[in-house]
file input20.txt (compact mmCIF, C-alpha atoms)
# COMPACT_ATOMS: atom_id res chain seq x y z
CA MET A 2 17.10 9.02 -23.81
CA LYS A 3 17.99 11.96 -26.07
CA SER A 4 16.49 12.77 -29.46
CA GLN A 5 18.58 13.06 -32.57
CA ALA A 6 19.11 16.73 -31.86
CA GLY A 7 20.78 15.60 -28.63
CA ASN A 8 19.40 18.37 -26.45
CA GLU A 9 16.04 16.98 -25.39
CA LYS A 10 14.58 13.70 -24.20
CA ILE A 11 12.58 11.51 -26.54
CA ARG A 12 8.93 12.04 -25.69
CA ILE A 13 6.52 9.10 -25.83
CA MET A 14 2.77 9.68 -25.59
CA ARG A 15 1.00 6.41 -24.76
CA ILE A 16 -2.76 6.12 -24.91
CA ILE A 17 -5.22 3.40 -23.89
CA ALA A 18 -9.01 3.38 -23.66
CA ARG A 19 -9.03 2.68 -19.90
CA LEU A 20 -6.93 1.12 -17.16
CA ASN A 21 -9.36 -1.64 -16.26
CA ILE A 22 -7.99 -4.86 -14.78
CA GLY A 23 -6.31 -6.91 -17.47
CA GLY A 24 -3.21 -7.37 -19.55
CA PRO A 25 -3.36 -4.16 -21.64
CA ALA A 26 -3.50 -1.95 -18.53
CA ILE A 27 -0.63 -3.76 -16.82
CA HIS A 28 1.37 -3.65 -20.06
CA THR A 29 0.92 0.09 -20.63
CA ILE A 30 1.58 1.06 -17.01
CA LEU A 31 4.82 -0.93 -16.87
CA LEU A 32 5.95 0.39 -20.25
CA THR A 33 5.30 3.97 -19.15
CA SER A 34 7.17 3.50 -15.89
CA ASP A 35 10.15 1.54 -17.18
CA MET A 36 10.72 3.64 -20.29
CA GLN A 37 11.07 6.60 -17.92
CA THR A 38 13.88 4.79 -16.13
CA LEU A 39 15.69 4.53 -19.48
CA GLY A 40 15.54 8.30 -19.88
CA TYR A 41 12.46 8.73 -22.04
CA GLU A 42 9.89 11.39 -21.18
CA THR A 43 6.56 9.57 -21.12
CA LEU A 44 2.93 10.57 -20.87
CA LEU A 45 0.11 8.06 -20.30
CA VAL A 46 -3.42 9.02 -21.37
CA ALA A 47 -6.41 6.86 -20.43
CA GLY A 48 -10.20 6.95 -20.26
CA GLN A 49 -12.54 6.45 -17.34
CA VAL A 50 -12.94 2.93 -15.96
CA GLY A 51 -16.54 1.68 -15.93
CA PRO A 52 -18.44 1.10 -12.66
CA GLU A 53 -18.47 -2.70 -13.09
CA GLU A 54 -14.80 -2.95 -14.06
CA GLY A 55 -11.83 -3.34 -11.77
CA ASP A 56 -9.60 -0.26 -11.75
CA MET A 57 -5.81 -0.63 -11.95
CA ALA A 58 -5.10 2.88 -10.73
CA TYR A 59 -3.42 1.25 -7.73
CA LEU A 60 -0.75 -0.27 -10.01
CA ALA A 61 -0.15 3.08 -11.73
CA GLU A 62 0.29 4.70 -8.33
CA ALA A 63 2.70 1.97 -7.22
CA GLN A 64 4.75 2.51 -10.39
CA VAL A 65 4.74 6.31 -9.88
CA VAL A 66 2.72 6.82 -13.07
CA LYS A 67 0.18 9.65 -13.11
CA PRO A 68 -2.05 9.18 -16.15
CA ILE A 69 -4.02 12.02 -17.69
CA ILE A 70 -7.66 10.92 -17.60
CA VAL A 71 -9.90 11.72 -20.57
CA PRO A 72 -13.27 10.43 -19.30
CA GLN A 73 -14.87 10.29 -22.76
CA LEU A 74 -12.18 7.85 -23.92
CA GLY A 75 -13.65 5.08 -21.73
CA GLN A 76 -15.83 2.11 -22.57
CA ARG A 77 -19.02 3.91 -23.64
CA PHE A 78 -19.32 4.18 -27.41
CA HIS A 79 -21.11 7.45 -28.13
CA PRO A 80 -20.47 9.85 -31.04
CA GLY A 81 -20.47 12.88 -28.75
CA ASP A 82 -18.00 11.29 -26.35
CA ASN A 83 -15.79 10.21 -29.23
CA LEU A 84 -15.68 13.73 -30.66
CA VAL A 85 -14.80 15.28 -27.30
CA ALA A 86 -12.10 12.65 -26.68
CA PHE A 87 -10.67 13.24 -30.16
CA PHE A 88 -10.20 16.98 -29.59
CA LYS A 89 -8.75 16.43 -26.13
CA ILE A 90 -6.20 14.01 -27.56
CA LEU A 91 -5.38 16.46 -30.36
CA ARG A 92 -4.87 19.21 -27.82
CA LEU A 93 -2.53 16.98 -25.80
CA LEU A 94 -0.51 16.22 -28.93
CA PHE A 95 0.10 19.91 -29.60
CA ALA A 96 0.92 20.54 -25.94
CA PHE A 97 3.24 17.57 -25.32
CA ARG A 98 4.70 17.40 -28.85
CA PRO A 99 5.70 13.71 -28.74
CA HIS A 100 8.32 12.12 -30.95
CA ILE A 101 6.33 8.86 -30.84
CA VAL A 102 2.63 8.24 -30.24
CA HIS A 103 1.82 4.69 -29.16
CA SER A 104 -1.82 3.61 -28.88
CA HIS A 105 -3.29 0.48 -27.29
CA THR A 106 -6.79 -1.05 -27.69
CA ALA A 107 -9.34 -0.35 -30.42
CA LYS A 108 -11.08 2.89 -29.44
CA ALA A 109 -7.91 4.60 -28.26
CA GLY A 110 -6.13 3.41 -31.40
CA THR A 111 -8.79 4.89 -33.65
CA LEU A 112 -9.04 8.32 -32.03
CA CYS A 113 -5.32 8.61 -31.36
CA ARG A 114 -4.25 7.77 -34.90
CA LEU A 115 -6.79 10.14 -36.41
CA ALA A 116 -5.55 12.91 -34.11
CA ALA A 117 -1.92 12.06 -34.93
CA PHE A 118 -2.73 12.30 -38.65
CA ILE A 119 -4.11 15.85 -38.18
CA TYR A 120 -1.17 16.75 -35.96
CA ASN A 121 1.38 15.53 -38.49
CA ARG A 122 -0.34 17.34 -41.35
CA ALA A 123 -0.21 20.54 -39.31
CA GLN A 124 3.46 20.00 -38.50
CA SER A 125 4.35 19.50 -42.14
CA SER A 126 2.49 22.54 -43.44
CA LYS A 127 4.52 25.62 -44.38
CA LEU A 128 2.46 27.82 -42.09
CA LYS A 129 2.95 25.33 -39.21
CA ALA A 130 -0.72 25.77 -38.34
CA GLN A 131 0.00 28.41 -35.69
CA SER A 132 -3.57 29.65 -35.57
CA LEU A 133 -4.82 26.07 -35.08
CA VAL A 134 -2.39 25.54 -32.23
CA ARG A 135 -3.54 28.73 -30.47
CA MET A 136 -7.16 27.66 -30.84
CA ILE A 137 -6.71 24.09 -29.58
CA SER A 138 -3.86 24.26 -27.07
CA LYS A 139 -5.18 26.39 -24.21
CA GLY A 140 -2.84 24.81 -21.65
CA ARG A 141 0.43 22.98 -21.47
CA VAL A 142 1.34 19.51 -20.32
CA ALA A 143 4.16 19.20 -17.81
CA GLY A 144 7.41 18.82 -19.68
CA ALA A 145 6.26 20.52 -22.88
CA GLN A 146 8.52 23.23 -24.22
CA PRO A 147 7.47 26.47 -25.97
CA GLY A 148 7.33 26.78 -29.72
CA ILE A 149 6.16 24.43 -32.44
CA LEU A 150 8.15 21.31 -33.18
CA LYS A 151 8.82 21.02 -36.91
CA GLN A 152 9.15 17.24 -36.97
CA GLN A 153 6.24 14.85 -37.25
CA CYS A 154 5.61 12.14 -34.68
CA ARG A 155 5.92 8.45 -35.43
CA VAL A 156 2.77 6.41 -34.91
CA VAL A 157 2.68 2.94 -33.30
CA HIS A 158 -0.37 0.85 -32.47
CA THR A 159 -0.56 -2.38 -30.45
CA PHE A 160 -3.30 -4.96 -31.00
CA HIS A 161 -3.68 -6.77 -27.67
CA GLY A 162 -6.65 -8.56 -29.20
CA HIS A 163 -9.20 -7.21 -31.66
CA VAL A 164 -12.93 -6.59 -31.84
CA MET A 165 -13.47 -7.86 -35.38
CA ARG A 166 -14.45 -11.34 -34.32
CA GLY A 167 -16.76 -12.49 -31.54
CA TYR A 168 -17.85 -9.10 -30.23
CA PHE A 169 -20.32 -7.68 -32.76
CA SER A 170 -22.50 -8.60 -35.72
CA ALA A 171 -20.91 -9.41 -39.07
CA PHE A 172 -21.92 -5.98 -40.41
CA VAL A 173 -20.39 -4.04 -37.51
CA SER A 174 -17.29 -6.22 -37.55
CA GLY A 175 -16.91 -5.46 -41.26
CA LEU A 176 -17.11 -1.73 -40.54
CA PHE A 177 -14.38 -2.01 -37.92
CA GLN A 178 -12.26 -3.98 -40.36
CA GLY A 179 -12.59 -1.18 -42.92
CA VAL A 180 -11.61 1.41 -40.30
CA GLU A 181 -8.52 -0.58 -39.32
CA LYS A 182 -7.45 -0.94 -42.96
CA THR A 183 -7.62 2.85 -43.33
CA LEU A 184 -5.83 3.55 -40.05
CA ALA A 185 -3.03 1.17 -41.00
CA LYS A 186 -2.12 3.59 -43.80
CA VAL A 187 -1.21 6.28 -41.25
CA THR A 188 0.56 3.90 -38.84
CA ASP A 189 4.33 3.45 -38.93
CA THR A 190 4.45 0.24 -36.91
CA ILE A 191 1.75 -2.28 -36.00
CA ILE A 192 2.56 -4.42 -32.97
CA VAL A 193 0.85 -7.75 -32.35
CA VAL A 194 1.36 -10.02 -29.37
CA SER A 195 1.55 -13.33 -31.25
CA SER A 196 2.41 -14.70 -34.68
CA GLN A 197 -1.12 -16.09 -34.93
CA GLN A 198 -2.50 -12.58 -34.48
CA LYS A 199 -0.27 -11.24 -37.26
CA GLU A 200 -1.47 -14.00 -39.58
CA GLU A 201 -5.10 -13.24 -38.80
CA LEU A 202 -4.90 -9.45 -39.06
CA CYS A 203 -2.49 -9.08 -41.97
CA ASN A 204 -3.16 -12.08 -44.17
CA GLY A 205 -6.66 -12.96 -43.01
CA LEU A 206 -8.26 -9.51 -42.70
CA GLY A 207 -5.96 -7.54 -45.00
CA ILE A 208 -5.00 -4.91 -42.43
CA GLY A 209 -1.71 -3.20 -43.21
CA ARG A 210 1.38 -4.56 -44.95
CA PRO A 211 3.62 -7.36 -43.62
CA GLN A 212 6.61 -5.03 -43.25
CA GLN A 213 4.62 -2.83 -40.84
CA TYR A 214 4.21 -5.64 -38.32
CA ARG A 215 6.33 -6.52 -35.31
CA VAL A 216 5.52 -9.51 -33.11
CA VAL A 217 6.28 -8.43 -29.54
CA SER A 218 5.47 -10.84 -26.72
CA LEU A 219 3.80 -9.31 -23.68
CA GLY A 220 6.12 -8.72 -20.76
CA PHE A 221 5.34 -8.42 -17.06
CA ASP A 222 7.00 -8.42 -13.67
CA LEU A 223 6.63 -12.15 -13.05
CA THR A 224 8.80 -12.34 -9.94
CA PRO A 225 5.86 -12.39 -7.47
CA PHE A 226 4.29 -15.32 -9.35
CA SER A 227 7.50 -17.32 -9.68
CA ARG A 228 7.94 -17.02 -5.90
CA CYS A 229 4.30 -17.42 -4.94
CA LYS A 230 4.69 -20.84 -3.26
CA ALA A 231 5.80 -19.00 -0.14
CA ASN A 232 2.09 -18.11 0.25
CA ILE A 233 0.71 -21.65 0.05
CA GLY A 234 -2.38 -22.15 2.17
CA GLN A 235 -3.51 -18.53 2.51
CA PHE A 236 -6.17 -18.61 -0.22
CA ARG A 237 -7.42 -22.03 0.87
CA THR A 238 -7.84 -20.65 4.39
CA GLN A 239 -9.88 -17.73 3.04
CA LEU A 240 -12.12 -20.20 1.24
CA GLY A 241 -12.43 -22.39 4.33
CA LEU A 242 -10.81 -25.39 2.63
CA SER A 243 -8.70 -27.39 5.07
CA ASP A 244 -8.71 -30.61 3.05
CA GLU A 245 -5.63 -30.59 0.81
CA ALA A 246 -7.13 -33.41 -1.28
CA ILE A 247 -9.66 -30.94 -2.71
CA LYS A 248 -8.30 -29.53 -5.99
CA LEU A 249 -8.77 -25.84 -6.78
CA VAL A 250 -9.60 -24.76 -10.35
CA ALA A 251 -9.92 -21.06 -11.18
CA ILE A 252 -11.00 -18.96 -14.12
CA ILE A 253 -9.67 -15.40 -13.98
CA GLY A 254 -10.84 -12.32 -15.86
CA ARG A 255 -13.66 -9.96 -16.73
CA ILE A 256 -17.11 -11.58 -16.58
CA THR A 257 -18.13 -10.56 -20.08
CA PRO A 258 -19.57 -12.47 -23.06
CA ILE A 259 -16.26 -12.86 -24.89
CA LYS A 260 -14.74 -14.71 -21.89
CA ASN A 261 -17.59 -17.25 -22.03
CA HIS A 262 -17.90 -18.16 -18.35
CA ARG A 263 -21.16 -19.93 -19.20
CA PHE A 264 -19.07 -22.47 -21.12
CA PHE A 265 -16.95 -22.99 -17.99
CA LEU A 266 -20.00 -23.63 -15.79
CA GLU A 267 -21.59 -25.98 -18.30
CA ALA A 268 -18.36 -27.97 -18.54
CA ILE A 269 -17.92 -28.42 -14.80
CA SER A 270 -21.60 -29.36 -14.43
CA ARG A 271 -20.70 -32.48 -16.42
CA LEU A 272 -18.08 -33.49 -13.88
CA PRO A 273 -19.23 -35.62 -10.95
CA GLY A 274 -18.67 -34.30 -7.44
CA SER A 275 -15.74 -36.69 -7.13
CA GLU A 276 -13.93 -38.74 -9.74
CA GLU A 277 -11.65 -41.55 -8.60
CA ASP A 278 -11.05 -39.87 -5.24
CA VAL A 279 -10.45 -36.45 -6.90
CA THR A 280 -12.71 -33.69 -5.57
CA ALA A 281 -12.55 -30.16 -6.92
CA ARG A 282 -13.84 -26.69 -6.11
CA PHE A 283 -14.13 -24.00 -8.77
CA VAL A 284 -13.37 -20.31 -8.29
CA ILE A 285 -14.47 -17.47 -10.58
CA ILE A 286 -12.14 -14.53 -9.96
CA GLY A 287 -13.21 -11.23 -11.49
CA ASP A 288 -16.34 -9.21 -12.06
CA GLY A 289 -18.45 -7.78 -14.84
CA GLU A 290 -21.90 -7.19 -16.25
CA LEU A 291 -22.76 -10.89 -16.49
CA ARG A 292 -21.97 -11.83 -12.89
CA GLY A 293 -25.60 -11.83 -11.76
CA GLN A 294 -26.67 -14.07 -14.66
CA LEU A 295 -23.83 -16.49 -13.98
CA GLU A 296 -24.61 -16.70 -10.27
CA GLY A 297 -28.16 -17.60 -11.25
CA LEU A 298 -26.91 -20.21 -13.72
CA THR A 299 -24.71 -21.70 -10.99
CA HIS A 300 -27.81 -22.41 -8.92
CA GLN A 301 -29.75 -23.74 -11.92
CA LEU A 302 -26.96 -26.21 -12.68
CA GLY A 303 -26.74 -27.35 -9.06
CA LEU A 304 -23.21 -26.01 -8.62
CA ALA A 305 -23.78 -23.59 -5.76
CA ASP A 306 -21.79 -25.74 -3.31
CA ARG A 307 -18.88 -26.20 -5.73
CA VAL A 308 -18.43 -22.72 -7.27
CA VAL A 309 -17.28 -19.53 -5.53
CA PHE A 310 -17.41 -15.98 -6.98
CA THR A 311 -14.70 -13.82 -5.40
CA GLY A 312 -14.84 -10.56 -7.35
CA TRP A 313 -11.58 -8.81 -8.14
CA ILE A 314 -8.50 -9.66 -6.09
CA LYS A 315 -5.37 -7.50 -6.15
CA ASP A 316 -2.82 -9.91 -4.69
CA MET A 317 -3.02 -12.59 -7.38
CA ALA A 318 0.32 -14.15 -6.48
CA THR A 319 -1.23 -15.43 -3.25
CA ILE A 320 -4.12 -16.92 -5.23
CA TYR A 321 -1.95 -18.79 -7.76
CA ALA A 322 0.00 -20.36 -4.88
CA ASP A 323 -3.00 -22.58 -4.03
CA LEU A 324 -4.39 -23.29 -7.50
CA ASP A 325 -4.11 -26.69 -9.12
CA VAL A 326 -5.44 -25.68 -12.56
CA VAL A 327 -6.21 -22.39 -14.31
CA ALA A 328 -8.96 -22.43 -16.95
CA LEU A 329 -9.57 -20.14 -19.91
CA THR A 330 -12.77 -20.45 -21.98
CA SER A 331 -12.63 -17.33 -24.17
CA ASP A 332 -14.09 -17.13 -27.66
CA ASN A 333 -11.39 -14.63 -28.69
CA GLU A 334 -8.06 -13.58 -27.16
CA GLY A 335 -4.81 -11.85 -27.92
CA THR A 336 -2.32 -13.31 -25.47
CA PRO A 337 -4.14 -14.02 -22.18
CA VAL A 338 -2.29 -12.63 -19.18
CA ALA A 339 -3.91 -15.10 -16.77
CA VAL A 340 -2.25 -17.95 -18.68
CA ILE A 341 1.17 -16.27 -18.51
CA GLU A 342 0.81 -15.60 -14.78
CA ALA A 343 -0.37 -19.17 -14.17
CA MET A 344 2.63 -20.58 -16.01
CA ALA A 345 5.03 -18.32 -14.10
CA ALA A 346 3.48 -19.69 -10.91
CA GLY A 347 3.92 -23.27 -12.11
CA VAL A 348 0.19 -23.94 -12.53
CA PRO A 349 -0.98 -26.03 -15.54
CA VAL A 350 -3.62 -24.56 -17.84
CA ILE A 351 -6.65 -25.83 -19.73
CA ALA A 352 -7.75 -23.39 -22.43
CA THR A 353 -9.74 -23.00 -25.61
CA ASP A 354 -7.61 -22.84 -28.75
CA VAL A 355 -8.03 -19.13 -29.53
CA GLY A 356 -5.69 -16.23 -30.26
CA GLY A 357 -2.17 -16.71 -28.97
CA VAL A 358 -3.03 -19.58 -26.59
CA ARG A 359 -1.40 -22.24 -28.79
CA GLU A 360 1.89 -20.33 -28.82
CA LEU A 361 1.83 -20.20 -25.02
CA ILE A 362 1.13 -23.81 -24.13
CA ALA A 363 1.69 -25.99 -27.19
CA ASP A 364 5.27 -26.16 -28.44
CA GLY A 365 4.42 -29.74 -29.26
CA GLU A 366 1.60 -32.15 -28.65
CA PHE A 367 2.23 -35.25 -26.54
CA PRO A 368 1.25 -38.59 -28.11
CA SER A 369 -1.97 -39.34 -26.29
CA PRO A 370 -4.46 -41.49 -28.25
CA GLU A 371 -6.98 -41.47 -25.43
CA ALA A 372 -6.96 -37.66 -25.38
CA LYS A 373 -7.72 -37.47 -29.11
CA ASP A 374 -10.65 -39.79 -28.62
CA LEU A 375 -11.88 -37.50 -25.84
CA LYS A 376 -11.58 -34.29 -27.93
CA PHE A 377 -8.66 -32.51 -26.25
CA GLU A 378 -4.94 -32.01 -26.84
CA VAL A 379 -2.34 -32.76 -24.21
CA CYS A 380 0.38 -30.15 -24.81
CA GLN A 381 3.72 -29.20 -23.28
CA ARG A 382 2.34 -26.74 -20.72
CA GLY A 383 -1.35 -27.54 -20.54
CA ILE A 384 -4.40 -28.86 -22.34
CA MET A 385 -6.18 -27.29 -25.31
CA VAL A 386 -9.77 -27.70 -26.41
CA ASN A 387 -11.67 -26.47 -29.46
CA PRO A 388 -13.86 -23.41 -28.72
CA GLY A 389 -17.43 -24.39 -27.97
CA ASP A 390 -16.64 -28.03 -27.23
CA VAL A 391 -18.09 -28.39 -23.73
CA ASP A 392 -17.62 -32.16 -23.60
CA GLY A 393 -13.99 -31.85 -24.70
CA PHE A 394 -13.33 -29.24 -22.02
CA ALA A 395 -14.97 -31.36 -19.32
CA ASN A 396 -12.96 -34.40 -20.42
CA GLY A 397 -9.71 -32.44 -20.52
CA LEU A 398 -10.27 -30.96 -17.08
CA ARG A 399 -11.09 -34.38 -15.62
CA TYR A 400 -7.95 -35.82 -17.22
CA LEU A 401 -5.79 -33.03 -15.80
CA LEU A 402 -7.19 -33.39 -12.28
CA GLN A 403 -6.39 -37.11 -12.33
CA GLN A 404 -2.76 -36.64 -13.44
CA PRO A 405 -0.78 -35.00 -10.59
CA VAL A 406 2.61 -35.99 -12.00
CA LEU A 407 1.75 -34.63 -15.43
CA CYS A 408 0.44 -31.41 -13.83
CA LYS A 409 3.74 -30.93 -12.04
CA GLN A 410 5.70 -31.45 -15.25
CA MET A 411 3.48 -29.00 -17.15
CA GLY A 412 3.88 -26.46 -14.36
CA GLN A 413 7.67 -26.69 -14.43
CA ARG A 414 7.81 -26.28 -18.21
CA GLY A 415 5.33 -23.40 -18.01
CA ARG A 416 7.42 -21.52 -15.45
CA GLU A 417 10.56 -21.83 -17.54
CA TYR A 418 8.76 -20.66 -20.68
CA ALA A 419 7.02 -17.67 -19.05
CA LEU A 420 10.15 -16.38 -17.33
CA THR A 421 12.16 -16.71 -20.55
CA HIS A 422 9.68 -15.29 -23.06
CA HIS A 423 7.46 -12.90 -21.09
CA SER A 424 9.71 -11.08 -18.65
CA LYS A 425 9.40 -7.34 -18.26
CA GLU A 426 13.10 -6.89 -18.97
CA ARG A 427 12.83 -8.53 -22.38
CA LEU A 428 9.86 -6.35 -23.35
CA ILE A 429 11.53 -3.08 -22.29
CA ALA A 430 14.75 -3.89 -24.15
CA TYR A 431 12.82 -4.65 -27.34
CA MET A 432 10.69 -1.48 -27.14
CA ASP A 433 13.79 0.62 -26.54
CA ARG A 434 15.35 -0.74 -29.76
CA LEU A 435 12.10 -0.25 -31.67
CA TYR A 436 11.60 3.35 -30.60
CA ARG A 437 15.21 4.29 -31.40
CA SER A 438 14.97 2.66 -34.83
CA LEU A 439 11.79 4.63 -35.64
CA LEU A 440 13.56 7.92 -35.00
CA GLN A 441 16.67 7.20 -37.03

call {"tool": "encode", "arguments": {"input": "input20.txt", "output": "C-alpha cells"}}
result
Amino acid sequence: MKSQAGNEKIRIMRIIARLNIGGPAIHTILLTSDMQTLGYETLLVAGQVGPEEGDMAYLAEAQVVKPIIVPQLGQRFHPGDNLVAFFKILRLLFAFRPHIVHSHTAKAGTLCRLAAFIYNRAQSSKLKAQSLVRMISKGRVAGAQPGILKQQCRVVHTFHGHVMRGYFSAFVSGLFQGVEKTLAKVTDTIIVVSSQQKEELCNGLGIGRPQQYRVVSLGFDLTPFSRCKANIGQFRTQLGLSDEAIKLVAIIGRITPIKNHRFFLEAISRLPGSEEDVTARFVIIGDGELRGQLEGLTHQLGLADRVVFTGWIKDMATIYADLDVVALTSDNEGTPVAVIEAMAAGVPVIATDVGGVRELIADGEFPSPEAKDLKFEVCQRGIMVNPGDVDGFANGLRYLLQQPVLCKQMGQRGREYALTHHSKERLIAYMDRLYRSLLQ
C-alpha cells in the first residue's frame, strides 16, 4: 500500500499495553499481520505480559509478527515506568515515522497519543525539531528511512472496553474520564467495538465528538471454531467424562475481579446436582490473581466435585467442540471474544447484560412469560441476565440445560451471525478503507 507520494509504503505503528490472552491481543496481532499482506508496512509495539497472565506471543510468532517489547508499557501502573515508556514510544515514532499511529487499550492509548501529540508538534515546526530528533532517536527501526518526514501522523485509538466503570473508585474513574476527554482532542478517529459502547462513551461520558467515532466490529479467524465439531470427545476425555448425558458449561477468561467468577460459582451452587435427569459439570478456563481465592470458594460452596480449573488452554477450538453452554458473568465488557468464539462454534451463551453483549446475542427477545417471571431473557442466540442477579443467572442456566432443541437452534443462529459479522476478512477490509480515507 503506497502513500500519496506513491514512492513509499504506508507505515502503521500499532501499540497495545501487552499481548496477554484475550480479544485485544488477538485483534492487534491479526491486524498487524494481515495489513502487511495488503502492502502496508506495520510495526507492533507492546508491553511486558504479567507473570499471572497468559502470553499470546505464540500467536504473534505463528502470524510472523515480531513485536517490539517496551517492558514498562505493561500492566504495572507506576509513574517512573510510565515516563520511561513514554520516551521509548516517542523515540520509536521519530525512528519509524508512521503515517498512522493506532493505539489499543487504556494505558497504551494514553502514552501513545501524548507521544504522537509531541511528535506532530515537532513535525509541524519550522525548525523540524532536528536537535530533538538527534537527542531522542539514538537508533533506527527496521524499515525507517533517513531524514525527517514533514507530514504529521494520523492518530487512531480503539476502545476494546474501558476502565471508567467497574475497575476503580468513583474518584479515580472520574480522573480517567477527564484524561480521555483531553486525549480525544488530539485523536483523529475513535474506534469502538459496539454501538452501545459509542453511546456510553460519547453521549454518556462526553468523550470526543460523534463525528470522530467509528463502530467497527471485532474480527477474528473463526474457521477453526466453525469446524471444531471434528474434535468432539477430546476435551471430555481429558476431563475423564465418558457419560455423554453430563452437560459441560464453561466460563472462559482472565480470573480477575471485573470478570466476576464469584458470581458464576454462587449461581451454580444454587443448582442441584441433577435437575430432571440433567447433570452438569462446570469448567473455569483461564488464570489470574484471584484463582486461589476462587478455588477456596469452590470448596466452601461444596462444588469441588463439580467444578474444574484448567488454567490457560491454547487450542480452544477443541474445547468448544465439547461444550454445551458458555457463560459470561462480567461486570463490564467491550465485545467479549469468548462469546463470539462460542457462537462460531455453535454453542449457546448465557451472559450478563453488559457492554456489547446485547448486540451479540439479542437481535430480538423470544416471547417467554415463564422466563420473565424467572428474571432472565431468552434471546435469539442465548440468554441474558441482569448483572448481579445470581438467582436470575441460576434460573437461566437451568432453563438452558433443560432445552436441548432450543440450544441447538441458538447455536445455529449464533454460528451464522458470528461468521457474517465478525470474520477477519470483514475487519481487514474495513480498516483498509479507514486508513486510506485518513490519508486522503

call {"tool": "residues_around", "arguments": {"input": "input20.txt", "residues": "Gly23 of chain A", "least_positions_apart": "5", "cutoff": "12 Å", "atoms": "all atoms listed in the file", "output": "number ranges by chain"}}
result
A: 28-30, 50, 54-58, 60, 106, 161-162, 221, 253-256, 287-288, 313-315, 334-340, 342

call {"tool": "atom_distance", "arguments": {"input": "input20.txt", "atom1": "atom CA of Gly393 of chain A", "atom2": "atom CA of Leu375 of chain A"}}
result
6.1 Å

call {"tool": "atom_distance", "arguments": {"input": "input20.txt", "atom1": "atom CA of Gly293 of chain A", "atom2": "atom CA of Leu324 of chain A"}}
result
24.5 Å

call {"tool": "atom_distance", "arguments": {"input": "input20.txt", "atom1": "atom CA of Ala395 of chain A", "atom2": "atom CA of Glu378 of chain A"}}
result
12.6 Å

call {"tool": "closest_atom_pairs", "arguments": {"input": "input20.txt", "of": "segment 359-436 of chain A", "to": "segment 205-217 of chain A", "cutoff": "12 Å", "atoms": "all atoms listed in the file", "output": "CSV"}}
result
residue,atom,partner,partner_atom,distance
A:His422,CA,A:Val217,CA,10.0
A:His423,CA,A:Val217,CA,9.6
A:Ser424,CA,A:Val217,CA,11.7
A:Lys425,CA,A:Val217,CA,11.8
A:Arg427,CA,A:Val217,CA,9.7
A:Leu428,CA,A:Val217,CA,7.4
A:Ile429,CA,A:Val217,CA,10.4
A:Ala430,CA,A:Val217,CA,11.0
A:Tyr431,CA,A:Val217,CA,7.9
A:Met432,CA,A:Val217,CA,8.6
A:Arg434,CA,A:Val217,CA,11.9
A:Leu435,CA,A:Arg215,CA,9.3

call {"tool": "closest_residue", "arguments": {"input": "input20.txt", "among": "A:His100, A:His79, A:Arg92, A:Arg399", "to": "Lys248 of chain A", "atoms": "all atoms listed in the file"}}
result
A:Arg399

call {"tool": "closest_residue", "arguments": {"input": "input20.txt", "among": "A:Asp433, A:Arg263, A:Gly297, A:Leu302", "to": "Tyr41 of chain A", "atoms": "only C-alpha atoms"}}
result
A:Asp433

call {"tool": "residues_around", "arguments": {"input": "input20.txt", "residues": "segment 303-312 of chain A", "least_positions_apart": "3", "cutoff": "8 Å", "atoms": "all atoms listed in the file", "output": "list in words"}}
result
Ser270, Ala281, Arg282, Phe283, Val284, Ile285, Ile286, Gly287, Asp288, Glu296, Thr299 and His300 of chain A
